[in-house]
file work_16.cif (mmCIF, C-alpha atoms and all ligand atoms)
data_input
loop_
_atom_site.group_PDB
_atom_site.id
_atom_site.type_symbol
_atom_site.label_atom_id
_atom_site.label_comp_id
_atom_site.auth_asym_id
_atom_site.auth_seq_id
_atom_site.Cartn_x
_atom_site.Cartn_y
_atom_site.Cartn_z
ATOM 1 C CA MET A 1 26.399 -17.673 -14.405
ATOM 2 C CA THR A 2 22.989 -17.626 -12.798
ATOM 3 C CA GLU A 3 22.009 -14.963 -10.335
ATOM 4 C CA GLU A 4 20.657 -15.824 -6.935
ATOM 5 C CA PRO A 5 17.226 -14.242 -6.563
ATOM 6 C CA GLY A 6 17.551 -11.104 -4.474
ATOM 7 C CA ASN A 7 21.098 -10.407 -5.646
ATOM 8 C CA HIS A 8 19.965 -7.580 -7.886
ATOM 9 C CA VAL A 9 20.601 -4.066 -6.640
ATOM 10 C CA THR A 10 16.986 -3.085 -6.826
ATOM 11 C CA THR A 11 14.774 -1.605 -4.195
ATOM 12 C CA PRO A 12 11.812 -2.095 -4.024
ATOM 13 C CA PRO A 13 11.859 -5.817 -4.867
ATOM 14 C CA VAL A 14 11.161 -6.816 -8.452
ATOM 15 C CA CYS A 15 9.020 -9.730 -9.514
ATOM 16 C CA ASP A 16 11.272 -11.658 -11.862
ATOM 17 C CA TYR A 17 9.910 -13.934 -14.580
ATOM 18 C CA GLU A 18 13.386 -15.164 -15.534
ATOM 19 C CA ASP A 19 13.204 -18.713 -16.931
ATOM 20 C CA SER A 20 9.446 -18.728 -16.414
ATOM 21 C CA ASP A 21 7.123 -20.511 -18.826
ATOM 22 C CA TYR A 22 4.479 -17.866 -18.005
ATOM 23 C CA GLN A 23 3.532 -17.415 -21.677
ATOM 24 C CA ALA A 24 2.897 -21.125 -22.226
ATOM 25 C CA SER A 25 1.365 -22.065 -18.882
ATOM 26 C CA PHE A 26 -0.709 -18.945 -18.200
ATOM 27 C CA TRP A 27 -1.722 -17.744 -21.684
ATOM 28 C CA ASP A 28 -1.315 -20.500 -24.254
ATOM 29 C CA LYS A 29 -2.701 -23.401 -22.230
ATOM 30 C CA GLY A 30 -4.212 -21.650 -19.213
ATOM 31 C CA GLY A 31 -7.773 -21.065 -20.463
ATOM 32 C CA ARG A 32 -7.157 -17.300 -20.695
ATOM 33 C CA GLU A 33 -8.421 -16.783 -24.252
ATOM 34 C CA TYR A 34 -11.382 -14.788 -22.950
ATOM 35 C CA GLU A 35 -9.177 -12.414 -20.906
ATOM 36 C CA ASP A 36 -6.730 -12.055 -23.807
ATOM 37 C CA ARG A 37 -9.464 -11.124 -26.302
ATOM 38 C CA ALA A 38 -11.172 -8.742 -23.862
ATOM 39 C CA GLU A 39 -7.808 -6.967 -23.501
ATOM 40 C CA ALA A 40 -7.496 -6.697 -27.271
ATOM 41 C CA VAL A 41 -10.882 -4.927 -27.379
ATOM 42 C CA ALA A 42 -9.894 -2.498 -24.611
ATOM 43 C CA LEU A 43 -6.527 -1.686 -26.217
ATOM 44 C CA GLU A 44 -8.202 -1.003 -29.544
ATOM 45 C CA ARG A 45 -10.565 1.414 -27.817
ATOM 46 C CA LEU A 46 -7.987 3.276 -25.762
ATOM 47 C CA LEU A 47 -4.747 3.377 -27.750
ATOM 48 C CA PRO A 48 -4.182 5.981 -30.496
ATOM 49 C CA PRO A 49 -4.092 4.210 -33.892
ATOM 50 C CA GLY A 50 -0.480 5.183 -34.450
ATOM 51 C CA GLY A 51 2.453 7.313 -33.503
ATOM 52 C CA ARG A 52 6.211 7.361 -33.470
ATOM 53 C CA LEU A 53 7.470 5.588 -30.363
ATOM 54 C CA LEU A 54 5.670 3.270 -27.960
ATOM 55 C CA LEU A 55 7.050 1.828 -24.734
ATOM 56 C CA GLU A 56 5.615 -1.540 -23.736
ATOM 57 C CA LEU A 57 6.374 -2.021 -20.037
ATOM 58 C CA GLY A 58 6.446 -5.634 -18.880
ATOM 59 C CA ALA A 59 6.243 -6.827 -22.470
ATOM 60 C CA GLY A 60 7.009 -10.412 -21.446
ATOM 61 C CA ALA A 61 7.001 -12.721 -24.447
ATOM 62 C CA GLY A 62 5.304 -10.072 -26.598
ATOM 63 C CA ARG A 63 1.719 -11.296 -26.245
ATOM 64 C CA ASN A 64 0.271 -7.804 -26.803
ATOM 65 C CA THR A 65 2.953 -6.336 -29.080
ATOM 66 C CA SER A 66 1.172 -7.100 -32.360
ATOM 67 C CA ARG A 67 -1.643 -4.833 -31.129
ATOM 68 C CA TYR A 68 0.678 -1.805 -31.321
ATOM 69 C CA LEU A 69 1.776 -2.086 -34.945
ATOM 70 C CA GLY A 70 0.482 1.395 -35.840
ATOM 71 C CA PHE A 71 3.543 2.765 -34.059
ATOM 72 C CA ASP A 72 6.769 3.251 -36.016
ATOM 73 C CA ARG A 73 8.864 1.693 -33.303
ATOM 74 C CA ILE A 74 8.083 -0.339 -30.196
ATOM 75 C CA ILE A 75 10.402 -0.648 -27.206
ATOM 76 C CA LEU A 76 9.719 -3.936 -25.422
ATOM 77 C CA LEU A 77 10.839 -3.663 -21.820
ATOM 78 C CA ASP A 78 10.917 -6.464 -19.304
ATOM 79 C CA TYR A 79 12.955 -7.309 -16.242
ATOM 80 C CA SER A 80 13.456 -10.847 -17.487
ATOM 81 C CA ARG A 81 15.911 -11.422 -20.303
ATOM 82 C CA THR A 82 14.520 -14.864 -21.089
ATOM 83 C CA GLN A 83 11.029 -13.378 -21.583
ATOM 84 C CA LEU A 84 12.537 -10.935 -24.086
ATOM 85 C CA GLU A 85 14.271 -13.801 -25.875
ATOM 86 C CA GLN A 86 10.861 -15.430 -26.304
ATOM 87 C CA ALA A 87 9.488 -12.147 -27.655
ATOM 88 C CA GLN A 88 12.418 -11.970 -30.087
ATOM 89 C CA GLN A 89 11.606 -15.453 -31.359
ATOM 90 C CA ARG A 90 8.004 -14.411 -31.888
ATOM 91 C CA LEU A 91 8.620 -10.995 -33.497
ATOM 92 C CA GLY A 92 12.118 -11.284 -34.921
ATOM 93 C CA ARG A 93 14.846 -8.679 -34.926
ATOM 94 C CA SER A 94 14.261 -5.539 -36.960
ATOM 95 C CA ASP A 95 14.351 -1.759 -36.600
ATOM 96 C CA LYS A 96 10.719 -1.894 -35.539
ATOM 97 C CA TYR A 97 11.422 -3.602 -32.215
ATOM 98 C CA VAL A 98 13.935 -2.685 -29.524
ATOM 99 C CA TYR A 99 14.412 -5.154 -26.665
ATOM 100 C CA VAL A 100 15.379 -3.711 -23.289
ATOM 101 C CA ALA A 101 15.930 -5.579 -20.028
ATOM 102 C CA ALA A 102 15.514 -3.044 -17.235
ATOM 103 C CA ASP A 103 14.046 -2.290 -13.852
ATOM 104 C CA VAL A 104 10.845 -0.238 -14.000
ATOM 105 C CA TYR A 105 11.990 1.737 -10.955
ATOM 106 C CA ARG A 106 15.123 2.861 -12.835
ATOM 107 C CA LEU A 107 14.101 3.343 -16.452
ATOM 108 C CA PRO A 108 17.032 3.948 -18.826
ATOM 109 C CA PHE A 109 15.264 6.508 -21.053
ATOM 110 C CA VAL A 110 15.674 10.259 -21.478
ATOM 111 C CA SER A 111 12.617 12.205 -20.393
ATOM 112 C CA GLY A 112 9.871 13.186 -22.822
ATOM 113 C CA LEU A 113 10.794 10.380 -25.238
ATOM 114 C CA PHE A 114 7.645 8.334 -25.832
ATOM 115 C CA ASP A 115 4.356 9.141 -27.547
ATOM 116 C CA ALA A 116 2.648 6.307 -25.706
ATOM 117 C CA ALA A 117 3.276 3.666 -23.070
ATOM 118 C CA THR A 118 1.360 0.572 -22.043
ATOM 119 C CA MET A 119 1.570 -1.322 -18.762
ATOM 120 C CA ILE A 120 -0.714 -4.367 -18.800
ATOM 121 C CA ARG A 121 -0.747 -6.835 -15.891
ATOM 122 C CA VAL A 122 2.432 -5.312 -14.496
ATOM 123 C CA LEU A 123 1.377 -2.914 -11.734
ATOM 124 C CA HIS A 124 0.061 -6.090 -10.124
ATOM 125 C CA HIS A 125 3.689 -6.846 -9.147
ATOM 126 C CA MET A 126 4.702 -3.382 -7.951
ATOM 127 C CA ALA A 127 5.510 -2.989 -4.262
ATOM 128 C CA ASP A 128 5.935 0.754 -4.852
ATOM 129 C CA ALA A 129 3.397 1.580 -7.556
ATOM 130 C CA PRO A 130 3.656 5.404 -7.407
ATOM 131 C CA LYS A 131 7.425 5.194 -7.902
ATOM 132 C CA ALA A 132 7.003 3.055 -11.023
ATOM 133 C CA LEU A 133 4.249 5.317 -12.375
ATOM 134 C CA GLY A 134 6.477 8.365 -11.852
ATOM 135 C CA GLN A 135 9.173 6.741 -13.996
ATOM 136 C CA VAL A 136 6.636 6.197 -16.783
ATOM 137 C CA ARG A 137 5.469 9.800 -16.610
ATOM 138 C CA ASP A 138 9.038 11.055 -16.989
ATOM 139 C CA ALA A 139 9.573 8.904 -20.072
ATOM 140 C CA LEU A 140 6.420 10.212 -21.795
ATOM 141 C CA ARG A 141 6.205 13.441 -23.743
ATOM 142 C CA THR A 142 3.649 16.163 -23.008
ATOM 143 C CA ASN A 143 0.186 14.832 -23.954
ATOM 144 C CA GLY A 144 1.723 11.369 -24.265
ATOM 145 C CA VAL A 145 -0.788 8.569 -23.739
ATOM 146 C CA PHE A 146 -0.475 5.989 -20.978
ATOM 147 C CA ILE A 147 -2.622 2.835 -20.985
ATOM 148 C CA LEU A 148 -2.518 1.228 -17.554
ATOM 149 C CA GLU A 149 -4.133 -2.028 -16.495
ATOM 150 C CA PHE A 150 -4.357 -2.876 -12.813
ATOM 151 C CA ALA A 151 -5.885 -5.611 -10.687
ATOM 152 C CA ASN A 152 -8.833 -4.237 -8.746
ATOM 153 C CA LYS A 153 -9.189 -5.101 -5.047
ATOM 154 C CA LEU A 154 -12.729 -3.671 -5.108
ATOM 155 C CA ASN A 155 -14.108 -6.518 -7.231
ATOM 156 C CA LEU A 156 -17.450 -8.211 -6.640
ATOM 157 C CA LYS A 157 -15.952 -11.509 -5.550
ATOM 158 C CA ALA A 158 -13.717 -9.845 -2.936
ATOM 159 C CA ILE A 159 -16.632 -7.726 -1.683
ATOM 160 C CA LEU A 160 -18.867 -10.790 -1.264
ATOM 161 C CA ARG A 161 -16.150 -12.806 0.434
ATOM 162 C CA PHE A 162 -15.432 -9.919 2.804
ATOM 163 C CA LEU A 163 -19.108 -9.413 3.676
ATOM 164 C CA LEU A 164 -19.518 -13.151 4.297
ATOM 165 C CA GLY A 165 -16.519 -13.139 6.622
ATOM 166 C CA ARG A 166 -14.464 -15.411 4.365
ATOM 167 C CA GLN A 167 -11.747 -12.846 3.649
ATOM 168 C CA LYS A 168 -9.827 -10.795 6.199
ATOM 169 C CA TRP A 169 -8.720 -7.839 4.109
ATOM 170 C CA ASN A 170 -11.130 -5.021 3.423
ATOM 171 C CA PRO A 171 -11.740 -4.313 -0.297
ATOM 172 C CA PHE A 172 -13.132 -0.842 0.440
ATOM 173 C CA THR A 173 -9.956 0.701 1.875
ATOM 174 C CA LEU A 174 -7.461 2.545 -0.325
ATOM 175 C CA GLU A 175 -4.213 0.729 0.497
ATOM 176 C CA PRO A 176 -3.007 -2.074 -1.840
ATOM 177 C CA VAL A 177 -3.466 -5.670 -0.707
ATOM 178 C CA GLU A 178 -0.603 -8.143 -1.192
ATOM 179 C CA PHE A 179 -2.555 -11.410 -1.464
ATOM 180 C CA ALA A 180 0.546 -13.408 -2.448
ATOM 181 C CA ARG A 181 4.187 -12.373 -2.391
ATOM 182 C CA LEU A 182 4.678 -9.511 -4.880
ATOM 183 C CA ASN A 183 1.092 -9.803 -6.109
ATOM 184 C CA PHE A 184 -0.959 -6.714 -5.361
ATOM 185 C CA ASP A 185 -4.543 -5.633 -5.964
ATOM 186 C CA PHE A 186 -5.305 -1.920 -5.934
ATOM 187 C CA HIS A 187 -8.276 0.277 -5.129
ATOM 188 C CA PRO A 188 -9.339 2.196 -8.294
ATOM 189 C CA LYS A 189 -9.511 5.460 -6.375
ATOM 190 C CA ALA A 190 -5.965 5.011 -5.054
ATOM 191 C CA VAL A 191 -4.665 4.492 -8.604
ATOM 192 C CA ARG A 192 -6.527 7.583 -9.830
ATOM 193 C CA ASN A 193 -5.088 9.620 -6.939
ATOM 194 C CA TRP A 194 -1.527 8.533 -7.745
ATOM 195 C CA LEU A 195 -1.915 9.309 -11.441
ATOM 196 C CA ARG A 196 -3.330 12.786 -10.758
ATOM 197 C CA GLU A 197 -0.646 13.583 -8.198
ATOM 198 C CA LEU A 198 1.974 12.653 -10.796
ATOM 199 C CA GLY A 199 0.503 15.068 -13.343
ATOM 200 C CA PHE A 200 -1.590 12.700 -15.418
ATOM 201 C CA SER A 201 -5.073 13.554 -16.597
ATOM 202 C CA ILE A 202 -7.433 10.559 -16.616
ATOM 203 C CA GLU A 203 -9.283 10.392 -19.910
ATOM 204 C CA ARG A 204 -11.178 7.109 -19.767
ATOM 205 C CA THR A 205 -11.708 4.022 -17.633
ATOM 206 C CA LEU A 206 -12.860 0.595 -18.853
ATOM 207 C CA THR A 207 -13.677 -2.458 -16.758
ATOM 208 C CA LEU A 208 -12.678 -5.910 -18.001
ATOM 209 C CA SER A 209 -13.225 -9.572 -17.298
ATOM 210 C CA HIS A 210 -16.801 -9.249 -16.035
ATOM 211 C CA PHE A 211 -17.156 -13.000 -16.539
ATOM 212 C CA ARG A 212 -13.945 -14.308 -14.988
ATOM 213 C CA ILE A 213 -15.740 -17.292 -13.484
ATOM 214 C CA GLY A 214 -14.385 -20.769 -14.253
ATOM 215 C CA LEU A 215 -17.770 -22.394 -14.818
ATOM 216 C CA LEU A 216 -18.976 -19.658 -17.204
ATOM 217 C CA LYS A 217 -15.757 -19.806 -19.184
ATOM 218 C CA ARG A 218 -16.183 -23.546 -19.622
ATOM 219 C CA ILE A 219 -19.835 -23.601 -20.714
ATOM 220 C CA VAL A 220 -20.283 -20.322 -22.640
ATOM 221 C CA PRO A 221 -18.459 -19.896 -25.971
ATOM 222 C CA THR A 222 -15.577 -17.422 -25.599
ATOM 223 C CA GLY A 223 -16.850 -15.206 -28.432
ATOM 224 C CA ILE A 224 -20.110 -14.621 -26.574
ATOM 225 C CA LEU A 225 -18.332 -13.752 -23.312
ATOM 226 C CA VAL A 226 -16.044 -11.336 -25.172
ATOM 227 C CA PHE A 227 -19.058 -9.746 -26.886
ATOM 228 C CA PHE A 228 -20.879 -9.047 -23.617
ATOM 229 C CA ASP A 229 -17.673 -8.032 -21.865
ATOM 230 C CA SER A 230 -16.952 -5.493 -24.580
ATOM 231 C CA ILE A 231 -20.401 -3.921 -24.062
ATOM 232 C CA LEU A 232 -19.981 -3.804 -20.294
ATOM 233 C CA GLN A 233 -16.441 -2.364 -20.511
ATOM 234 C CA TRP A 234 -17.981 1.096 -20.994
ATOM 235 C CA THR A 235 -19.617 0.968 -17.547
ATOM 236 C CA GLY A 236 -16.109 1.469 -16.172
ATOM 237 C CA ALA A 237 -16.806 5.186 -16.564
ATOM 238 C CA TRP A 238 -19.275 4.950 -13.641
ATOM 239 C CA TRP A 239 -18.189 2.085 -11.403
ATOM 240 C CA GLN A 240 -15.365 -0.464 -11.292
ATOM 241 C CA LEU A 241 -16.200 -3.822 -9.719
ATOM 242 C CA THR A 242 -14.347 -6.187 -12.066
ATOM 243 C CA PRO A 243 -11.004 -7.882 -11.315
ATOM 244 C CA SER A 244 -9.268 -5.945 -14.108
ATOM 245 C CA VAL A 245 -9.434 -2.207 -14.908
ATOM 246 C CA PHE A 246 -7.929 -0.254 -17.832
ATOM 247 C CA VAL A 247 -7.207 3.463 -17.553
ATOM 248 C CA LYS A 248 -6.199 5.858 -20.306
ATOM 249 C CA ALA A 249 -4.257 8.834 -18.945
ATOM 250 C CA THR A 250 -2.322 11.632 -20.620
ATOM 251 C CA VAL A 251 0.664 13.599 -19.365
ATOM 252 C CA MET A 252 -0.190 17.195 -18.488
ATOM 253 C CA ARG A 253 3.238 18.330 -17.311
ATOM 254 C CA ASP A 254 5.448 20.157 -19.807
ATOM 255 C CA SER A 255 8.455 18.245 -21.040
ATOM 256 C CA ILE A 256 11.242 19.133 -23.410
ATOM 257 C CA PRO A 257 10.446 17.349 -26.676
ATOM 258 C CA HIS A 258 12.890 14.663 -27.721
ATOM 259 C CA THR A 259 14.348 15.327 -31.143
ATOM 260 C CA GLY A 260 16.569 12.312 -31.755
ATOM 261 C CA GLN A 261 13.869 10.581 -33.833
ATOM 262 C CA ASP A 262 15.441 7.465 -35.256
ATOM 263 C CA ASP A 263 18.739 7.607 -33.426
ATOM 264 C CA LEU A 264 18.445 4.723 -30.983
ATOM 265 C CA LEU A 265 21.401 5.817 -28.886
ATOM 266 C CA SER A 266 19.718 9.131 -28.117
ATOM 267 C CA TYR A 267 16.854 7.311 -26.358
ATOM 268 C CA PHE A 268 18.962 6.009 -23.501
ATOM 269 C CA LYS A 269 20.323 7.457 -20.297
ATOM 270 C CA CYS A 270 22.378 5.803 -17.590
ATOM 271 C CA PRO A 271 19.881 4.283 -15.134
ATOM 272 C CA ASP A 272 22.322 4.796 -12.261
ATOM 273 C CA CYS A 273 23.390 8.427 -12.671
ATOM 274 C CA GLY A 274 20.995 9.737 -15.325
ATOM 275 C CA HIS A 275 23.725 10.828 -17.740
ATOM 276 C CA SER A 276 23.037 10.885 -21.477
ATOM 277 C CA PRO A 277 24.053 10.265 -24.171
ATOM 278 C CA LEU A 278 25.769 6.951 -23.571
ATOM 279 C CA THR A 279 28.688 5.916 -25.756
ATOM 280 C CA ASP A 280 28.243 2.995 -28.140
ATOM 281 C CA LYS A 281 31.010 0.429 -27.603
ATOM 282 C CA LYS A 282 29.374 -2.302 -29.732
ATOM 283 C CA ASP A 283 28.962 -4.979 -27.057
ATOM 284 C CA HIS A 284 27.963 -2.421 -24.444
ATOM 285 C CA LEU A 285 26.938 1.178 -23.856
ATOM 286 C CA GLU A 286 29.230 3.181 -21.641
ATOM 287 C CA CYS A 287 28.347 6.045 -19.327
ATOM 288 C CA SER A 288 31.053 8.705 -19.613
ATOM 289 C CA SER A 289 29.994 10.183 -16.272
ATOM 290 C CA CYS A 290 29.930 7.258 -13.808
ATOM 291 C CA LYS A 291 31.870 4.861 -16.102
ATOM 292 C CA LYS A 292 29.335 2.066 -15.768
ATOM 293 C CA ARG A 293 28.931 -0.276 -18.726
ATOM 294 C CA TRP A 294 25.588 -1.668 -19.866
ATOM 295 C CA GLU A 295 25.654 -4.837 -21.888
ATOM 296 C CA VAL A 296 24.249 -5.199 -25.417
ATOM 297 C CA ARG A 297 24.051 -8.869 -26.360
ATOM 298 C CA ASP A 298 22.068 -10.727 -29.034
ATOM 299 C CA GLY A 299 19.902 -7.699 -29.720
ATOM 300 C CA ILE A 300 18.973 -7.080 -26.081
ATOM 301 C CA TYR A 301 20.007 -3.957 -24.177
ATOM 302 C CA ASP A 302 20.573 -4.904 -20.559
ATOM 303 C CA PHE A 303 20.252 -2.106 -17.987
ATOM 304 C CA ARG A 304 19.538 -4.248 -14.945
ATOM 305 C CA GLU A 305 23.057 -4.301 -13.556
ATOM 306 C CA PRO A 306 26.297 -2.831 -14.900
ATOM 307 C CA MET A 307 28.848 -5.204 -16.401
ATOM 308 C CA LYS A 308 31.520 -6.365 -14.012
ATOM 309 C CA ASN A 309 35.054 -5.090 -14.589
ATOM 310 C CA GLU A 310 37.247 -7.922 -15.715
HETATM 311 ZN ZN ZN B 401 26.181 6.772 -15.257
#
call {"tool": "encode", "arguments": {"input": "work_16.cif", "output": "C-alpha cells"}}
result
Amino acid sequence: MTEEPGNHVTTPPVCDYEDSDYQASFWDKGGREYEDRAEAVALERLLPPGGRLLLELGAGAGRNTSRYLGFDRIILLDYSRTQLEQAQQRLGRSDKYVYVAADVYRLPFVSGLFDAATMIRVLHHMADAPKALGQVRDALRTNGVFILEFANKLNLKAILRFLLGRQKWNPFTLEPVEFARLNFDFHPKAVRNWLRELGFSIERTLTLSHFRIGLLKRIVPTGILVFFDSILQWTGAWWQLTPSVFVKATVMRDSIPHTGQDDLLSYFKCPDCGHSPLTDKKDHLECSSCKKRWEVRDGIYDFREPMKNE
C-alpha cells in the first residue's frame, strides 16, 4: 500500500524523500563532487575521531556514513524508508549500523543516549527548526557533540540580488526564508540563538562552498576548489557569507547517562507516549503503556506511524 502524501500524522510537515532518486540525481550525477568533498573536510575537522554511539539524522542513502567509522555504532535515521534501503545496500546489515525510519520531531530514543549526532543538509527542510533541534538535544548525553549544517540566507549571492532589487526577501533579517516549499534558508545568528536557548554551547563554526558557482566548478579542477575552500572554511569563525555553514555545538544541560551500552532495545522509547523500554515482539516493538506497535521489517525499525490493528 502506498501512502498519500500528507496522510502521515506529523505536524509540522515533513519533507519526504520516499522513492526519490536524490542520491543518484543530486550527488552521483549532479556535479556536486566539490560540495561533497568540502563536507568531508569539515566533518573531519569538527567530529571527534571516535566514540560509542552516533546518530546520523537525515542519513538518506548513507552518503556521509563512512565518515563516521570511528564510532562503535551508527544509527542511520531518515523519514524515508526507501532511502534507508539504499543505505542498507551500500553499507550492508551488521551490528555496526542500525536503520531507523522516524520523524525528527518525534525521535524514538531515550534521552542522554548519544555521544554525537550529525544533521547535514536536513535543517534545510525543517518548518519548525527549534523543535527539531530540541529533539536532538534530548537524545544527546551531557557534553555530547552535535554537528549541524544549515543553508545560510545571508550568503553573498542573496545579498547582491537583494541590493540590486532582484530578490524580494531580505537576507539580513533573522526569520527563515522558505524559497521553495519545505526548503528553508536560515540566518546564522538565528541558528546560534536557537542552539543557545536549547542549552547548547557553540564550539566552532566553519563556512563551506565558497565557490558554489557553476562556471567555476566547470573550469577549475575540483581538487583545487576543495583546497581553497578548506583554507577559507576557518573564516567561518568571524563571518558567514557562504551558502552552507557547519556548526559544532555541545550539550551543556545535565542528563542521566544511558547505561544500556550494546542493548539495542534499551535505546528506544515510544515516540507517541515516551514510554520505555519497548517490548521486542520480533516483527515489531510494542509499547506496554499506550499499546502501539512499531514495525521492524528487513532490518529497518519504523517509528513513523504505528502498525494498524488487523
Ligand atoms: Zn506508547
call {"tool": "resolve_selection", "arguments": {"input": "work_16.cif", "expression": "the PyMOL selection byres (((not hetatm)) within 12 of (chain B and resi 401))", "output": "list in words"}}
result
Arg106, Pro108, Phe268, Lys269, Cys270, Pro271, Asp272, Cys273, Gly274, His275, Ser276, Pro277, Leu278, Thr279, Leu285, Glu286, Cys287, Ser288, Ser289, Cys290, Lys291, Lys292, Arg293, Trp294, Phe303, Glu305 and Pro306 of chain A
call {"tool": "atom_distance", "arguments": {"input": "work_16.cif", "atom1": "CA of Tyr97 (chain A)", "atom2": "CA of Ala59 (chain A)"}}
result
11.5 Å
call {"tool": "resolve_selection", "arguments": {"input": "work_16.cif", "expression": "the PyMOL selection byres (((chain A and resi 169-179) around 10) and not hetatm)", "output": "PyMOL selection string"}}
result
chain A and resi 124-129+151-163+165-168+180-191+193
call {"tool": "closest_atom_pairs", "arguments": {"input": "work_16.cif", "of": "region 90-208 of chain A", "to": "region 66-78 of chain A", "cutoff": "9 Å", "atoms": "all atoms listed in the file", "output": "CSV"}}
result
residue,atom,partner,partner_atom,distance
A:Leu91,CA,A:Ser66,CA,8.5
A:Asp95,CA,A:Arg73,CA,7.3
A:Lys96,CA,A:Arg73,CA,4.6
A:Tyr97,CA,A:Ile74,CA,5.1
A:Val98,CA,A:Ile75,CA,4.7
A:Tyr99,CA,A:Leu76,CA,5.0
A:Val100,CA,A:Leu77,CA,4.8
A:Ala101,CA,A:Asp78,CA,5.1
A:Ala102,CA,A:Asp78,CA,6.1
A:Asp103,CA,A:Asp78,CA,7.5
A:Val104,CA,A:Asp78,CA,8.2
call {"tool": "write_last_selection", "arguments": {"input": "work_16.cif", "atoms": "C-alpha atoms", "output": "JSON list (two decimals), in the frame of the given file"}}
result
[["chain", "number", "residue", "atom", "x", "y", "z"],
["A", 91, "LEU", "CA", 8.62, -11.00, -33.50],
["A", 95, "ASP", "CA", 14.35, -1.76, -36.60],
["A", 96, "LYS", "CA", 10.72, -1.89, -35.54],
["A", 97, "TYR", "CA", 11.42, -3.60, -32.22],
["A", 98, "VAL", "CA", 13.94, -2.68, -29.52],
["A", 99, "TYR", "CA", 14.41, -5.15, -26.66],
["A", 100, "VAL", "CA", 15.38, -3.71, -23.29],
["A", 101, "ALA", "CA", 15.93, -5.58, -20.03],
["A", 102, "ALA", "CA", 15.51, -3.04, -17.24],
["A", 103, "ASP", "CA", 14.05, -2.29, -13.85],
["A", 104, "VAL", "CA", 10.84, -0.24, -14.00]]
call {"tool": "residues_around", "arguments": {"input": "work_16.cif", "residues": "region 143-148 of chain A", "least_positions_apart": "4", "cutoff": "7 Å", "atoms": "only C-alpha atoms", "output": "PyMOL selection string"}}
result
chain A and resi 114-120+246-252
call {"tool": "resolve_selection", "arguments": {"input": "work_16.cif", "expression": "the PyMOL selection byres (((chain A and resi 244) around 9) and not hetatm)", "output": "PyMOL selection string"}}
result
chain A and resi 121+149-152+155+206-210+240-243+245-246
call {"tool": "closest_residue", "arguments": {"input": "work_16.cif", "among": "A:Arg204, A:Arg90, A:Arg52, A:His284", "to": "Ile300 (chain A)", "atoms": "only C-alpha atoms"}}
result
A:His284
call {"tool": "closest_residue", "arguments": {"input": "work_16.cif", "among": "A:Leu107, A:Leu264, A:Ile219, A:Met307", "to": "Leu57 (chain A)", "atoms": "all atoms listed in the file"}}
result
A:Leu107
call {"tool": "residues_around", "arguments": {"input": "work_16.cif", "residues": "region 17-22 of chain A", "least_positions_apart": "6", "cutoff": "7 Å", "atoms": "only C-alpha atoms", "output": "PyMOL selection string"}}
result
chain A and resi 80-83
call {"tool": "atom_distance", "arguments": {"input": "work_16.cif", "atom1": "CA of Leu55 (chain A)", "atom2": "CA of Trp238 (chain A)"}}
result
28.7 Å
call {"tool": "closest_residue", "arguments": {"input": "work_16.cif", "among": "A:Ala42, A:Cys15, A:Leu113, A:Val136", "to": "Phe200 (chain A)", "atoms": "only C-alpha atoms"}}
result
A:Val136
call {"tool": "atom_distance", "arguments": {"input": "work_16.cif", "atom1": "CA of Arg212 (chain A)", "atom2": "CA of Leu225 (chain A)"}}
result
9.4 Å
call {"tool": "build_atoms", "arguments": {"input": "work_16.cif", "residues": "region 114-126 of chain A", "atoms": "N, CA and C atoms", "output": "JSON list (two decimals), keeping the file's coordinate frame"}}
result
[["chain", "number", "residue", "atom", "x", "y", "z"],
["A", 114, "PHE", "N", 8.66, 9.19, -25.21],
["A", 114, "PHE", "CA", 7.64, 8.33, -25.83],
["A", 114, "PHE", "C", 6.32, 9.05, -26.10],
["A", 115, "ASP", "N", 5.70, 8.66, -27.22],
["A", 115, "ASP", "CA", 4.36, 9.14, -27.55],
["A", 115, "ASP", "C", 3.31, 8.38, -26.76],
["A", 116, "ALA", "N", 3.62, 7.13, -26.42],
["A", 116, "ALA", "CA", 2.65, 6.31, -25.71],
["A", 116, "ALA", "C", 3.39, 5.24, -24.92],
["A", 117, "ALA", "N", 2.73, 4.77, -23.86],
["A", 117, "ALA", "CA", 3.28, 3.67, -23.07],
["A", 117, "ALA", "C", 2.11, 2.79, -22.63],
["A", 118, "THR", "N", 2.37, 1.49, -22.56],
["A", 118, "THR", "CA", 1.36, 0.57, -22.04],
["A", 118, "THR", "C", 1.96, -0.23, -20.89],
["A", 119, "MET", "N", 1.14, -0.51, -19.90],
["A", 119, "MET", "CA", 1.57, -1.32, -18.76],
["A", 119, "MET", "C", 0.39, -2.23, -18.40],
["A", 120, "ILE", "N", 0.40, -3.44, -18.94],
["A", 120, "ILE", "CA", -0.71, -4.37, -18.80],
["A", 120, "ILE", "C", -0.30, -5.52, -17.90],
["A", 121, "ARG", "N", -1.04, -5.74, -16.83],
["A", 121, "ARG", "CA", -0.75, -6.84, -15.89],
["A", 121, "ARG", "C", 0.67, -6.74, -15.31],
["A", 122, "VAL", "N", 1.09, -5.55, -15.02],
["A", 122, "VAL", "CA", 2.43, -5.31, -14.50],
["A", 122, "VAL", "C", 2.38, -4.62, -13.13],
["A", 123, "LEU", "N", 1.51, -3.63, -13.00],
["A", 123, "LEU", "CA", 1.38, -2.91, -11.73],
["A", 123, "LEU", "C", 1.08, -3.90, -10.61],
["A", 124, "HIS", "N", 0.35, -4.93, -10.95],
["A", 124, "HIS", "CA", 0.06, -6.09, -10.12],
["A", 124, "HIS", "C", 1.27, -6.57, -9.29],
["A", 125, "HIS", "N", 2.49, -6.36, -9.82],
["A", 125, "HIS", "CA", 3.69, -6.85, -9.15],
["A", 125, "HIS", "C", 4.52, -5.73, -8.51],
["A", 126, "MET", "N", 3.93, -4.53, -8.40],
["A", 126, "MET", "CA", 4.70, -3.38, -7.95],
["A", 126, "MET", "C", 4.50, -3.11, -6.46]]
